[in-house]
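A.B. asks: What follows is a single structure, and I will ask about it in a moment.
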Amino acid sequence: MNTKVPSKWMFLLSALAILALPSLSAAQESHIGKLTGRAKPGKELYRRFCIGCHGLRGDGQGENAPYVTPQPRNFVAATFKCRSTVTGTLPTDEDLYNAITRGFNTTNMPSWEPLTPQQRADMVAYIKSFSERWKNEKPGTPIEVPAETAVTVESINHGKELFQKLECWKCHGPEGRGDGPAASTLTDSNDQPIRPYNFSVGTRFKCGTTNQDLYKIFITGVDGTPMPSFADVIKPNEAWDLVHYLRTLQVARRGPESDLMKAQGGSAKDADKGGK
Amino acid sequence: MKVNHILMSGIAVLAAAAMAVAAPGSGTVSGKVTYEGTPAKQKPIDMSKEPSCAKEHATPITTEGVVTGAGNTLENVVVYISAGAPDGATAPAQAVTVTQKGCQYVPHLVALQVNQELKIVNEDQTSHNIHPLAKSNREWNKSQPPGSPAISEKFDKEEFIAVKCNIHPWMHSTFAVLKTSHYSVTANGGAFTLPNLPPGKYTISAWHESYGTQTQDVTITGSETKSISFVFKAKAY
């Protein structure tokens, strides 16, 4: 049958229609809660605040980079430490937003809370334009963090058993002071020396401050570093036990876990005795 | 109607092309990989920080950056077709296995195809973490305590991936993820063989973890066996 429009024009029209479709917009926008961030304003903010360390091309080779340890994040490689997603997968927009908001404890990456939430959301959108991965892959599925279980002596003791069994002490040391047998040889994925987290000297983690943050750290692993994911080897309720035990290693911090141990007549040090 | 004709002939061409790709050949490229010069001495590994593995080795094992055999042959060289064979060969259903035993990766080097399943097994009494330091593929890092099930993974890009265990810094391996199904890893004796090649012009690459990559062009016309060799210059370090 004869169509009204000659077939060669149909072909041309449909080709133009396909080309006119907006390109995959996922990389140009970010969605955090009710906020929508856009790459265009994000780019201006990046040039003002981020480029010095993270570089014009987002590869972590800004002019400050040679003087900075650890090295600034390479957005082109798109391997991120602080995620709620499975190891090896991209973080969510919210993960990136939280990272910008919190900054990174013990590094040169400050907290950008003085910027407005909209500004931070715009920066997330722009950061996602540096790597092809954001065009080809979807972010990983965020892990389920179940409701926290009660802080009890049983929970803390079980957490201590896990700490032994899963051999966390090999890097973190028997009291979590970052002095385990493997600690001095650790390097990150760029072959730079890196130390395991020392629970005894602080209250903040690289990727947050709360029990929920701590849960996510060892379940998703800290990509780009020696810290692996324990998602396949810890059950969710056991993970909370480990969280509660790890909190007792933070001797500089006052919290429900250390208060409970004190009330029982023990302390984090005592909890460690006789378990090796 | 004209559009229909274009579609039909397009499908016919594609079908013909697909059939042409699937036909196996009968040519072979084989040979040996050797080195000249004196390779650096491999260092003995001190496993005293991991007694459960130290006791598995009556005499301390050495690093495996260069493994040699009689006649100056080189082991652990990946010889593969880097050009001339159709890419994107379907990954075999069969998985490739690498085992952590005595705090070593056995075998030291694993070659597999893009999207082929890799099984990682821990037979030691200690935890290991498997950390493929991928740059093109995704970089992941998983803990594997003793007694846990095999880890199953796959890689979707061609890459020679350095692998380490962060807990045991002497452990090194390579996952050689290849697009082609025509590859051969040299063992003791340094021999490789690439069979079932249809007629064509091929570029054969040989990759060694310490000595780099070499290439050679080979043409296959029928069922012949072409013999080639690769000679690597040994490095003093």
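Residue numbering restarts at 1 in every chain; chains get A, B, ... in the order shown in the structure tokens, and ligands count up from 1 in that same order.
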Could you tell me which residues of chain B sit within 7 Å of chain A when counting only C-alpha atoms, and give me the result as a list in words?
C.D. replies: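 In the required form, that comes to Met1, Lys2, Val3, Lys49, Ser127, Asn129, Leu133, Arg138, Glu139, Trp140, Asn141, Lys142, Ser143, Pro145, Asn166, Ile167, His168 and Pro169 of chain B.
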A.B. asks: When you look at range 51-54 of chain A with a cut-off of 12 Å (counting only C-alpha atoms), what residues show up, excluding the ones that are within fewer than 3 positions of it in the same chain? I need them as a PDB file with N, CA and C atoms, in the first residue's frame.
C.D. replies:
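Final file, around.pdb:
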ATOM      1  N   GLY A  42      25.719  23.499  39.189  1.00  0.00           N
ATOM      2  CA  GLY A  42      26.714  22.695  39.900  1.00  0.00           C
ATOM      3  C   GLY A  42      28.103  22.936  39.359  1.00  0.00           C
ATOM      4  N   LYS A  43      28.197  23.123  38.050  1.00  0.00           N
ATOM      5  CA  LYS A  43      29.508  23.331  37.418  1.00  0.00           C
ATOM      6  C   LYS A  43      30.138  24.621  37.929  1.00  0.00           C
ATOM      7  N   GLU A  44      29.333  25.679  38.062  1.00  0.00           N
ATOM      8  CA  GLU A  44      29.890  26.946  38.550  1.00  0.00           C
ATOM      9  C   GLU A  44      30.369  26.805  39.992  1.00  0.00           C
ATOM     10  N   LEU A  45      29.598  26.098  40.805  1.00  0.00           N
ATOM     11  CA  LEU A  45      29.998  25.869  42.194  1.00  0.00           C
ATOM     12  C   LEU A  45      31.274  25.032  42.248  1.00  0.00           C
ATOM     13  N   TYR A  46      31.357  24.024  41.386  1.00  0.00           N
ATOM     14  CA  TYR A  46      32.548  23.164  41.344  1.00  0.00           C
ATOM     15  C   TYR A  46      33.778  24.000  41.024  1.00  0.00           C
ATOM     16  N   ARG A  47      33.642  24.879  40.023  1.00  0.00           N
ATOM     17  CA  ARG A  47      34.782  25.704  39.613  1.00  0.00           C
ATOM     18  C   ARG A  47      35.224  26.624  40.744  1.00  0.00           C
ATOM     19  N   ARG A  48      34.261  27.001  41.580  1.00  0.00           N
ATOM     20  CA  ARG A  48      34.575  27.929  42.675  1.00  0.00           C
ATOM     21  C   ARG A  48      35.181  27.187  43.857  1.00  0.00           C
ATOM     22  N   ARG A  57      39.303  18.289  35.374  1.00  0.00           N
ATOM     23  CA  ARG A  57      38.675  17.126  34.758  1.00  0.00           C
ATOM     24  C   ARG A  57      38.053  16.191  35.782  1.00  0.00           C
ATOM     25  N   GLY A  58      38.043  16.632  37.059  1.00  0.00           N
ATOM     26  CA  GLY A  58      37.424  15.789  38.074  1.00  0.00           C
ATOM     27  C   GLY A  58      38.230  14.555  38.411  1.00  0.00           C
ATOM     28  N   ASP A  59      39.518  14.537  38.001  1.00  0.00           N
ATOM     29  CA  ASP A  59      40.317  13.323  38.183  1.00  0.00           C
ATOM     30  C   ASP A  59      41.152  13.357  39.461  1.00  0.00           C
ATOM     31  N   GLY A  60      40.857  14.281  40.364  1.00  0.00           N
ATOM     32  CA  GLY A  60      41.596  14.327  41.614  1.00  0.00           C
ATOM     33  C   GLY A  60      42.981  14.919  41.455  1.00  0.00           C
ATOM     34  N   GLN A  61      43.256  15.562  40.317  1.00  0.00           N
ATOM     35  CA  GLN A  61      44.586  16.118  40.063  1.00  0.00           C
ATOM     36  C   GLN A  61      44.550  17.634  39.986  1.00  0.00           C
ATOM     37  N   GLY A  62      43.831  18.248  40.920  1.00  0.00           N
ATOM     38  CA  GLY A  62      43.837  19.700  40.995  1.00  0.00           C
ATOM     39  C   GLY A  62      45.191  20.199  41.458  1.00  0.00           C
ATOM     40  N   GLU A  63      45.394  21.528  41.451  1.00  0.00           N
ATOM     41  CA  GLU A  63      46.727  22.044  41.766  1.00  0.00           C
ATOM     42  C   GLU A  63      47.122  21.801  43.212  1.00  0.00           C
ATOM     43  N   ASN A  64      46.148  21.568  44.106  1.00  0.00           N
ATOM     44  CA  ASN A  64      46.476  21.249  45.490  1.00  0.00           C
ATOM     45  C   ASN A  64      46.821  19.786  45.694  1.00  0.00           C
ATOM     46  N   ALA A  65      46.491  18.978  44.724  1.00  0.00           N
ATOM     47  CA  ALA A  65      46.558  17.514  44.914  1.00  0.00           C
ATOM     48  C   ALA A  65      47.933  17.017  45.351  1.00  0.00           C
ATOM     49  N   PRO A  66      49.037  17.543  44.781  1.00  0.00           N
ATOM     50  CA  PRO A  66      50.339  17.001  45.201  1.00  0.00           C
ATOM     51  C   PRO A  66      50.643  17.210  46.674  1.00  0.00           C
ATOM     52  N   TYR A  67      49.935  18.148  47.324  1.00  0.00           N
ATOM     53  CA  TYR A  67      50.278  18.471  48.718  1.00  0.00           C
ATOM     54  C   TYR A  67      49.292  17.879  49.696  1.00  0.00           C
ATOM     55  N   VAL A  68      48.422  17.029  49.196  1.00  0.00           N
ATOM     56  CA  VAL A  68      47.288  16.589  49.991  1.00  0.00           C
ATOM     57  C   VAL A  68      47.335  15.081  50.197  1.00  0.00           C
ATOM     58  N   THR A  69      47.216  14.633  51.453  1.00  0.00           N
ATOM     59  CA  THR A  69      47.114  13.200  51.733  1.00  0.00           C
ATOM     60  C   THR A  69      45.928  12.979  52.641  1.00  0.00           C
ATOM     61  N   PRO A  70      45.035  12.031  52.354  1.00  0.00           N
ATOM     62  CA  PRO A  70      44.972  11.240  51.132  1.00  0.00           C
ATOM     63  C   PRO A  70      44.626  12.069  49.908  1.00  0.00           C
ATOM     64  N   GLN A  71      44.877  11.494  48.736  1.00  0.00           N
ATOM     65  CA  GLN A  71      44.633  12.177  47.483  1.00  0.00           C
ATOM     66  C   GLN A  71      43.150  12.486  47.323  1.00  0.00           C
ATOM     67  N   PRO A  72      42.819  13.593  46.649  1.00  0.00           N
ATOM     68  CA  PRO A  72      41.403  13.899  46.418  1.00  0.00           C
ATOM     69  C   PRO A  72      40.750  12.826  45.561  1.00  0.00           C
ATOM     70  N   ARG A  73      39.455  12.673  45.767  1.00  0.00           N
ATOM     71  CA  ARG A  73      38.689  11.653  45.053  1.00  0.00           C
ATOM     72  C   ARG A  73      38.770  11.891  43.546  1.00  0.00           C
ATOM     73  N   ASN A  74      38.963  10.796  42.833  1.00  0.00           N
ATOM     74  CA  ASN A  74      38.996  10.814  41.367  1.00  0.00           C
ATOM     75  C   ASN A  74      37.596  10.486  40.860  1.00  0.00           C
ATOM     76  N   PHE A  75      36.862  11.498  40.394  1.00  0.00           N
ATOM     77  CA  PHE A  75      35.475  11.261  39.965  1.00  0.00           C
ATOM     78  C   PHE A  75      35.419  10.559  38.615  1.00  0.00           C
ATOM     79  N   VAL A  76      36.519  10.562  37.867  1.00  0.00           N
ATOM     80  CA  VAL A  76      36.533   9.872  36.575  1.00  0.00           C
ATOM     81  C   VAL A  76      36.522   8.361  36.798  1.00  0.00           C
ATOM     82  N   THR A 107      40.759  13.941  56.722  1.00  0.00           N
ATOM     83  CA  THR A 107      41.284  14.271  55.385  1.00  0.00           C
ATOM     84  C   THR A 107      41.162  15.759  55.166  1.00  0.00           C
ATOM     85  N   ASN A 108      41.561  16.184  53.970  1.00  0.00           N
ATOM     86  CA  ASN A 108      41.447  17.599  53.627  1.00  0.00           C
ATOM     87  C   ASN A 108      40.086  17.970  53.063  1.00  0.00           C
ATOM     88  N   MET A 109      39.178  17.019  52.980  1.00  0.00           N
ATOM     89  CA  MET A 109      37.842  17.317  52.457  1.00  0.00           C
ATOM     90  C   MET A 109      36.980  17.836  53.604  1.00  0.00           C
ATOM     91  N   PRO A 110      36.661  19.131  53.545  1.00  0.00           N
ATOM     92  CA  PRO A 110      35.896  19.706  54.647  1.00  0.00           C
ATOM     93  C   PRO A 110      34.407  19.439  54.500  1.00  0.00           C
ATOM     94  N   MET A 123      25.892  20.380  43.023  1.00  0.00           N
ATOM     95  CA  MET A 123      27.256  19.867  42.878  1.00  0.00           C
ATOM     96  C   MET A 123      27.238  18.362  42.631  1.00  0.00           C
ATOM     97  N   ILE A 127      29.065  16.532  39.508  1.00  0.00           N
ATOM     98  CA  ILE A 127      30.099  15.519  39.747  1.00  0.00           C
ATOM     99  C   ILE A 127      29.825  14.252  38.939  1.00  0.00           C
ATOM    100  N   PHE A 130      31.435  13.490  35.315  1.00  0.00           N
ATOM    101  CA  PHE A 130      32.847  13.234  35.051  1.00  0.00           C
ATOM    102  C   PHE A 130      33.131  11.820  34.584  1.00  0.00           C
TER     103      PHE A 130
END
A.B. asks: Calculate how many Å separate CA of Cys53 in chain B from CA of Glu153 in chain B, rounding to one decimal.
C.D. replies: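 Interatomic distance here is 25.4 Å.
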A.B. asks: Just give me the gap between CA of Leu112 in chain B and CA of Val79 in chain B in Å, one decimal is fine.
C.D. replies: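 A separation of 12.3 Å between them.
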A.B. asks: Select, from A:Cys50, A:Met261, A:Leu56, A:Ile217, the residue with the minimum atom-to-atom distance to Ile143 in chain A, counting only C-alpha atoms.
C.D. replies: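 Answer, going by the shortest atom-to-atom distance: A:Ile217.
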A.B. asks: DSSP says strand (DSSP E) for which residues of range 18-122 of chain A? Put them as a ChimeraX atom specification?
C.D. replies: /A:29-32,35-38
A.B. asks: Convert the current residue selection to file output with C-alpha atoms, as a PDB file, in the first residue's frame.
C.D. replies:
ATOM      1  CA  GLU A  29      20.372  15.785  37.483  1.00  0.00           C
ATOM      2  CA  SER A  30      20.430  14.637  41.068  1.00  0.00           C
ATOM      3  CA  HIS A  31      17.513  13.741  43.302  1.00  0.00           C
ATOM      4  CA  ILE A  32      17.896  13.941  47.066  1.00  0.00           C
ATOM      5  CA  LEU A  35      15.649  18.447  46.020  1.00  0.00           C
ATOM      6  CA  THR A  36      16.515  18.308  42.349  1.00  0.00           C
ATOM      7  CA  GLY A  37      20.080  19.318  41.605  1.00  0.00           C
ATOM      8  CA  ARG A  38      21.221  20.448  38.165  1.00  0.00           C
TER       9      ARG A  38
END
A.B. asks: Do you have the CA of Val29 in chain B-CA of Gly71 in chain B distance handy?
C.D. replies: 20.6 Å
A.B. asks: Give me, as a PDB file with C-alpha atoms, in the first residue's frame, all polymer residues having an atom no more than 12 Å from Glu209 in chain B, counting only C-alpha atoms and skipping those fewer than 6 positions away in the same chain.
C.D. replies:
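Generated file (out22.pdb):
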ATOM      1  CA  GLU B  64      55.970 -15.416  41.696  1.00  0.00           C
ATOM      2  CA  GLY B  65      56.656 -12.298  39.644  1.00  0.00           C
ATOM      3  CA  VAL B  66      58.803 -14.364  37.287  1.00  0.00           C
ATOM      4  CA  VAL B  67      58.424 -18.144  37.117  1.00  0.00           C
ATOM      5  CA  LEU B  74      58.615 -18.501  31.009  1.00  0.00           C
ATOM      6  CA  GLU B  75      55.473 -19.539  32.834  1.00  0.00           C
ATOM      7  CA  ASN B  76      52.309 -17.506  33.388  1.00  0.00           C
ATOM      8  CA  VAL B  77      52.449 -15.773  30.015  1.00  0.00           C
ATOM      9  CA  VAL B  78      49.019 -15.122  28.530  1.00  0.00           C
ATOM     10  CA  HIS B 108      48.932 -17.655  40.271  1.00  0.00           C
ATOM     11  CA  LEU B 109      47.240 -16.304  37.156  1.00  0.00           C
ATOM     12  CA  PHE B 160      44.459  -7.554  33.033  1.00  0.00           C
ATOM     13  CA  ILE B 161      43.409  -7.014  36.628  1.00  0.00           C
ATOM     14  CA  ALA B 162      45.954  -7.042  39.460  1.00  0.00           C
ATOM     15  CA  VAL B 163      44.492  -8.797  42.487  1.00  0.00           C
ATOM     16  CA  HIS B 172      49.341 -11.341  44.268  1.00  0.00           C
ATOM     17  CA  SER B 173      47.393 -12.642  41.331  1.00  0.00           C
ATOM     18  CA  THR B 174      46.146 -11.486  37.938  1.00  0.00           C
ATOM     19  CA  PHE B 175      42.698 -12.017  36.476  1.00  0.00           C
ATOM     20  CA  ALA B 176      43.290 -11.846  32.702  1.00  0.00           C
ATOM     21  CA  PHE B 232      61.213 -11.512  26.617  1.00  0.00           C
ATOM     22  CA  ALA B 234      64.621 -10.388  31.600  1.00  0.00           C
ATOM     23  CA  LYS B 235      64.763  -7.436  34.004  1.00  0.00           C
TER      24      LYS B 235
END
A.B. asks: Please list as number ranges by chain every residue within 8 Å of Lys128 in chain A, counting only C-alpha atoms and excluding residues in the same chain fewer than 3 positions away.
C.D. replies: A: 27-28, 75, 124-125, 131, 134
A.B. asks: Would you write out those residues with N, CA and C atoms, as a tab-separated table (two decimals), in the first residue's frame?
C.D. replies:
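Output file part-v9.tsv follows:
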chain	number	residue	atom	x	y	z
A	27	ALA	N	22.48	11.60	34.27
A	27	ALA	CA	23.77	12.13	34.68
A	27	ALA	C	23.72	13.62	34.87
A	28	GLN	N	22.72	14.30	34.41
A	28	GLN	CA	22.68	15.76	34.50
A	28	GLN	C	21.88	16.25	35.67
A	75	PHE	N	36.86	11.50	40.39
A	75	PHE	CA	35.48	11.26	39.96
A	75	PHE	C	35.42	10.56	38.62
A	124	VAL	N	26.33	17.65	43.28
A	124	VAL	CA	26.22	16.21	43.04
A	124	VAL	C	25.91	15.95	41.57
A	125	ALA	N	24.97	16.74	41.02
A	125	ALA	CA	24.59	16.54	39.61
A	125	ALA	C	25.80	16.74	38.70
A	131	SER	N	32.26	10.88	34.89
A	131	SER	CA	32.56	9.49	34.57
A	131	SER	C	31.51	8.90	33.65
A	134	TRP	N	28.34	6.77	34.99
A	134	TRP	CA	27.01	7.28	35.32
A	134	TRP	C	26.07	7.20	34.12
A.B. asks: Return as a PyMOL selection string the full set of residues in range 84-186 of chain A whose backbone-based DSSP assignment is helix (DSSP H, G or I).
C.D. replies: chain A and resi 93-102+117-127+133-136+153-165+169-172+183-185
A.B. asks: With 9 Å as the cut-off and only C-alpha atoms counted, what is the closest atom pair between each nearby residue of range 234-253 of chain A and range 193-215 of chain A? Distances in Å to one decimal, ordered by chain and number, as JSON lines.
C.D. replies:
{"residue": "A:Ala239", "atom": "CA", "partner": "A:Tyr215", "partner_atom": "CA", "distance": 6.7}
{"residue": "A:Trp240", "atom": "CA", "partner": "A:Tyr215", "partner_atom": "CA", "distance": 7.0}
{"residue": "A:Leu242", "atom": "CA", "partner": "A:Tyr215", "partner_atom": "CA", "distance": 8.4}
{"residue": "A:Val243", "atom": "CA", "partner": "A:Tyr215", "partner_atom": "CA", "distance": 6.3}
{"residue": "A:His244", "atom": "CA", "partner": "A:Asn211", "partner_atom": "CA", "distance": 8.0}
{"residue": "A:Leu246", "atom": "CA", "partner": "A:Phe199", "partner_atom": "CA", "distance": 7.6}
{"residue": "A:Arg247", "atom": "CA", "partner": "A:Phe199", "partner_atom": "CA", "distance": 8.0}
{"residue": "A:Thr248", "atom": "CA", "partner": "A:Phe199", "partner_atom": "CA", "distance": 8.9}
{"residue": "A:Leu249", "atom": "CA", "partner": "A:Phe199", "partner_atom": "CA", "distance": 5.7}
{"residue": "A:Gln250", "atom": "CA", "partner": "A:Ser200", "partner_atom": "CA", "distance": 4.6}
{"residue": "A:Val251", "atom": "CA", "partner": "A:Ser200", "partner_atom": "CA", "distance": 5.3}
{"residue": "A:Ala252", "atom": "CA", "partner": "A:Val201", "partner_atom": "CA", "distance": 6.0}
{"residue": "A:Arg253", "atom": "CA", "partner": "A:Thr203", "partner_atom": "CA", "distance": 5.7}
A.B. asks: Residues at most 10 Å from Ala206 in chain B, counting only C-alpha atoms, excluding those fewer than 4 positions away in the same chain, as a count of residues only?
C.D. replies: 21
